[in-house]
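Reading through the structure tokens given below for one structure.
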Amino acid sequence: MGLVGGLLGFGVGLPLGIAVAYLVHLRFFAPRRRLQDPIIRPLRDLDSETLHTTIPDIPLWVKCPDYERVDWINKFIFDMWPFLDKAICNTIRSVIRPTFDQYVGQYGIKSIEFGHLTLGALPPTFQGIKVYEMREKELVIEPVIRWASIANVIVKVKVHSFQVSAQLLDLHIMLTPRVTLKPLVPSFPCFANLCVSLMEKPHIDFGFKLLGGDVMAIPGLHRFVREKISKQIANLYHWPKLIQIPILDEASGATKKPVGILHVKVIRAMNLLKMDLLGKSDPYVKLRLSGEKLPSKKTSIKMSNLNPEWNEHFRFIVKDPETQILELRMFDWEKVKMHDKLGMQVVPLRLLTPYESKLFTLDLLKSMDPNDPHNKKNRGKLVVELTFDPFRDDSNSTILMSDGEGNVSVKRDVPPSGGLLLVSVENAEDVEGKRHTNPYAVVHFRGERKETKIIKKTRDPRWNEEFQFMVDEAPVDDKIHIEVVSKRRGLRLPFRNKESLGHVDINLVDVVNNGRINEKYHLINSRNGMVHVEMKWSTV
């Protein structure tokens, strides 16, 4: 036992002692690197080999005519940088603080705080910007950013009675992002979403000290960490992958509005894969329209069938037929475990001609990655029929038809049919309950029920929420029922949990005839309560 303990102590103590000795050497005995002024020489004095090594450092606006010089932006950032540095650092402190607090009290940690936080005196610079001429509804720019900062970030962690410090310094970043502003809208800041992806693998370099010792000076570790970080960032955000940042909220009304209805008929599938061990497959199809946050729609399940027939109909609200796609995913239903994926396929809506049905026979794929070797396997076929019915431009029988290239034709004398009813519940005024006032609105139409969010403790709630109802016939003889209800928060008796603050029934004949109504309505069973509702009817 003593021999084993001795060998174990030697095996653990030797590498630990070498590591501690190396850190002490780096902290107290290693020579300090000092920054020296660069030697500036004219290009005509350089030989060919030196010129080749210098080419990557030449700004892109010199080498590529597509990139524009933006010195004025760099001058602006340079003058603003002292204030931007403080503002960004204060934001970092406030954002990171909750994360630090999560670890306090765990593993003997008593406190975590920034000892020093600055991004340095050198701001990032734009070495050039390329602007792409795209469709009028989006703007695409590619800036080339380089940042050789002298950042200094020190984090101090107090564990029991010891204090451990980690320092990040001299952060260098080189990246070429693609920034897409879309869609462009007539509301400030004039775009609804900001999409960012990287066109090249980023270059990231930095120094890192632990307990005062330069960890990055350990042989092989510096290159490994640098390549690992660059690779992970590229895997997450390298084009075509992107990060989408919403700028304008959907309730603001600046985002895209519905322009038509997509009718989907899932007809049949053929020669599907056999997934069950003792049987065949139990297939069903899930359908989803890109750009929507609504849950997917799905067909019925066909038990033990490799050539199922559905002939089931679905409808989707279309907002941008030029960019949206219909996603079709087929699964094998399982009673206990997760449902197996049989295949998938997509159909861009730009392939459809308005008011014309089109039949698609789709080869099912493992994924939409063109380089995926699993796509070579035959997974069967899916047959669907799609029809896109755009809304009319007004309440008469004239319809505008577009071929997707800016050419518009007129189609007249189309008989009236169904369409889309948009109901926007804006706000309520002077609503008050006997026991509590936490109002929300409930909309009832043709058996469908939809609710707004709850606004706590107010007599004048503002919801600004829009609901959509697809109908087969114009609702000229229908009414829509809107009720304002207050809900008590917390655990209460069921019969005292909710209280009606008033309701109203609105005839829809004026909405159908005029196309739009925006009015305030007095609430029945309420002393002075009113509700503000905007409704729009679009016919296909």
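Ligands are numbered from 1 in the order shown, chains are lettered A, B, ... in the order of the structure tokens, and residues start at 1 in each chain.
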(Q) For the structure I just gave you, how does DSSP split region 38-223 of chain A - specifically, which residues are strand (DSSP E or B)? Reply as a ChimeraX atom specification. (A) /A:68,109-118,125-132,139-148,152-159,162-175,177-184,191-198,203-210,213-214
Q.
List as a ChimeraX atom specification the protein and nucleic acid residues near Leu171 (chain A), meaning an atom at most 8 Å away when only C-alpha atoms are counted, but skip any in the same chain fewer than 3 places from it.
A. /A:147-151,168,204-207
Q.
For the helix (DSSP H, G or I) assignment from backbone DSSP, which residues of region 215-410 of chain A qualify? Please present them as number ranges by chain.
A. A: 215-217, 221-237, 250-252, 349-351, 373-376
(Q) Considering only C-alpha atoms, can you say which of A:Lys381, A:Thr176, A:Ile317, A:Leu352 comes closest to Ala269 (chain A)? (A)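 Using only C-alpha atoms, the shortest distance to Ala269 (chain A) belongs to A:Lys381.
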Could you name the residues that touch region 328-339 of chain A at 7 Å or less, counting only C-alpha atoms, but leaving out those on the same chain fewer than 2 positions away, as a PDB file with N, CA and C atoms, in the first residue's frame?
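Saved the output as part.pdb:
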```
ATOM      1  N   SER A 281     -43.744   1.025 -41.948  1.00  0.00           N
ATOM      2  CA  SER A 281     -43.564   2.353 -41.366  1.00  0.00           C
ATOM      3  C   SER A 281     -44.940   2.935 -41.119  1.00  0.00           C
ATOM      4  N   ASP A 282     -45.013   3.876 -40.196  1.00  0.00           N
ATOM      5  CA  ASP A 282     -46.256   4.570 -39.867  1.00  0.00           C
ATOM      6  C   ASP A 282     -46.072   6.054 -40.191  1.00  0.00           C
ATOM      7  N   PRO A 283     -46.135   6.431 -41.478  1.00  0.00           N
ATOM      8  CA  PRO A 283     -45.710   7.780 -41.874  1.00  0.00           C
ATOM      9  C   PRO A 283     -46.773   8.859 -41.638  1.00  0.00           C
ATOM     10  N   TYR A 284     -46.280  10.060 -41.400  1.00  0.00           N
ATOM     11  CA  TYR A 284     -47.093  11.270 -41.423  1.00  0.00           C
ATOM     12  C   TYR A 284     -46.190  12.421 -41.837  1.00  0.00           C
ATOM     13  N   VAL A 285     -46.794  13.527 -42.298  1.00  0.00           N
ATOM     14  CA  VAL A 285     -46.054  14.658 -42.846  1.00  0.00           C
ATOM     15  C   VAL A 285     -46.305  15.894 -41.988  1.00  0.00           C
ATOM     16  N   LYS A 286     -45.241  16.612 -41.675  1.00  0.00           N
ATOM     17  CA  LYS A 286     -45.343  17.898 -40.987  1.00  0.00           C
ATOM     18  C   LYS A 286     -45.031  19.000 -41.994  1.00  0.00           C
ATOM     19  N   LEU A 287     -45.859  20.057 -41.991  1.00  0.00           N
ATOM     20  CA  LEU A 287     -45.723  21.155 -42.941  1.00  0.00           C
ATOM     21  C   LEU A 287     -45.500  22.456 -42.190  1.00  0.00           C
ATOM     22  N   ARG A 288     -44.603  23.255 -42.721  1.00  0.00           N
ATOM     23  CA  ARG A 288     -44.296  24.543 -42.086  1.00  0.00           C
ATOM     24  C   ARG A 288     -43.857  25.521 -43.158  1.00  0.00           C
ATOM     25  N   LEU A 326     -41.895  26.378 -48.503  1.00  0.00           N
ATOM     26  CA  LEU A 326     -42.706  25.401 -47.783  1.00  0.00           C
ATOM     27  C   LEU A 326     -41.808  24.229 -47.398  1.00  0.00           C
ATOM     28  N   LYS A 341     -37.074   9.994 -38.536  1.00  0.00           N
ATOM     29  CA  LYS A 341     -37.188  10.869 -39.690  1.00  0.00           C
ATOM     30  C   LYS A 341     -37.058  10.047 -40.965  1.00  0.00           C
ATOM     31  N   LEU A 342     -38.100  10.124 -41.815  1.00  0.00           N
ATOM     32  CA  LEU A 342     -38.077   9.403 -43.084  1.00  0.00           C
ATOM     33  C   LEU A 342     -37.454  10.220 -44.212  1.00  0.00           C
ATOM     34  N   GLY A 343     -37.577  11.530 -44.150  1.00  0.00           N
ATOM     35  CA  GLY A 343     -37.011  12.373 -45.198  1.00  0.00           C
ATOM     36  C   GLY A 343     -37.631  13.760 -45.160  1.00  0.00           C
ATOM     37  N   MET A 344     -37.126  14.633 -46.019  1.00  0.00           N
ATOM     38  CA  MET A 344     -37.614  16.003 -46.066  1.00  0.00           C
ATOM     39  C   MET A 344     -37.426  16.565 -47.470  1.00  0.00           C
ATOM     40  N   GLN A 345     -38.102  17.684 -47.728  1.00  0.00           N
ATOM     41  CA  GLN A 345     -37.940  18.405 -48.986  1.00  0.00           C
ATOM     42  C   GLN A 345     -38.553  19.794 -48.812  1.00  0.00           C
ATOM     43  N   VAL A 346     -38.181  20.731 -49.672  1.00  0.00           N
ATOM     44  CA  VAL A 346     -38.705  22.095 -49.607  1.00  0.00           C
ATOM     45  C   VAL A 346     -39.167  22.514 -50.999  1.00  0.00           C
TER      46      VAL A 346
END
```
Q.
Env of Met174 (chain A): 7 Å cut, atoms = only C-alpha atoms, seq-sep filter 2 positions within chain, self excluded. Answer as a ChimeraX atom specification.
A. /A:145-147,172,202-204
Q: Show which residues sit within 8 Å of Thr458 (chain A), as an NGL selection string. Count only C-alpha atoms, and ignore same-chain residues fewer than 4 positions away.
A: :A and (437-439)
Could you save those same residues with all heavy atoms as a PDB file, in the first residue's frame?
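File written: result.pdb
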```pdb
ATOM      1  N   THR A 437     -58.144  43.897 -11.341  1.00  0.00           N
ATOM      2  CA  THR A 437     -58.113  44.461 -12.699  1.00  0.00           C
ATOM      3  C   THR A 437     -56.801  44.088 -13.357  1.00  0.00           C
ATOM      4  O   THR A 437     -55.812  44.821 -13.304  1.00  0.00           O
ATOM      5  CB  THR A 437     -58.281  45.996 -12.663  1.00  0.00           C
ATOM      6  OG1 THR A 437     -59.472  46.319 -11.943  1.00  0.00           O
ATOM      7  CG2 THR A 437     -58.387  46.551 -14.077  1.00  0.00           C
ATOM      8  N   ASN A 438     -56.757  42.886 -13.925  1.00  0.00           N
ATOM      9  CA  ASN A 438     -55.627  42.397 -14.713  1.00  0.00           C
ATOM     10  C   ASN A 438     -56.170  42.005 -16.088  1.00  0.00           C
ATOM     11  O   ASN A 438     -56.345  40.825 -16.392  1.00  0.00           O
ATOM     12  CB  ASN A 438     -54.960  41.190 -14.039  1.00  0.00           C
ATOM     13  CG  ASN A 438     -54.504  41.512 -12.624  1.00  0.00           C
ATOM     14  OD1 ASN A 438     -53.831  42.507 -12.393  1.00  0.00           O
ATOM     15  ND2 ASN A 438     -54.905  40.686 -11.666  1.00  0.00           N
ATOM     16  N   PRO A 439     -56.489  42.986 -16.936  1.00  0.00           N
ATOM     17  CA  PRO A 439     -57.297  42.710 -18.125  1.00  0.00           C
ATOM     18  C   PRO A 439     -56.535  42.039 -19.258  1.00  0.00           C
ATOM     19  O   PRO A 439     -55.347  42.259 -19.470  1.00  0.00           O
ATOM     20  CB  PRO A 439     -57.786  44.102 -18.544  1.00  0.00           C
ATOM     21  CG  PRO A 439     -56.750  45.031 -18.029  1.00  0.00           C
ATOM     22  CD  PRO A 439     -56.201  44.420 -16.775  1.00  0.00           C
TER      23      PRO A 439
END
```
Q. What is the CA of Ile73 (chain A)-CA of Ile233 (chain A) distance in Å, reported with one decimal?
A.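 CA of Ile233 (chain A) lies at a distance of 26.4 Å from CA of Ile73 (chain A).
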Q: Between A:Glu49, A:Ile109, A:Lys377, A:Phe188, single out the one closest to Phe162 (chain A), counting only C-alpha atoms.
A: A:Ile109
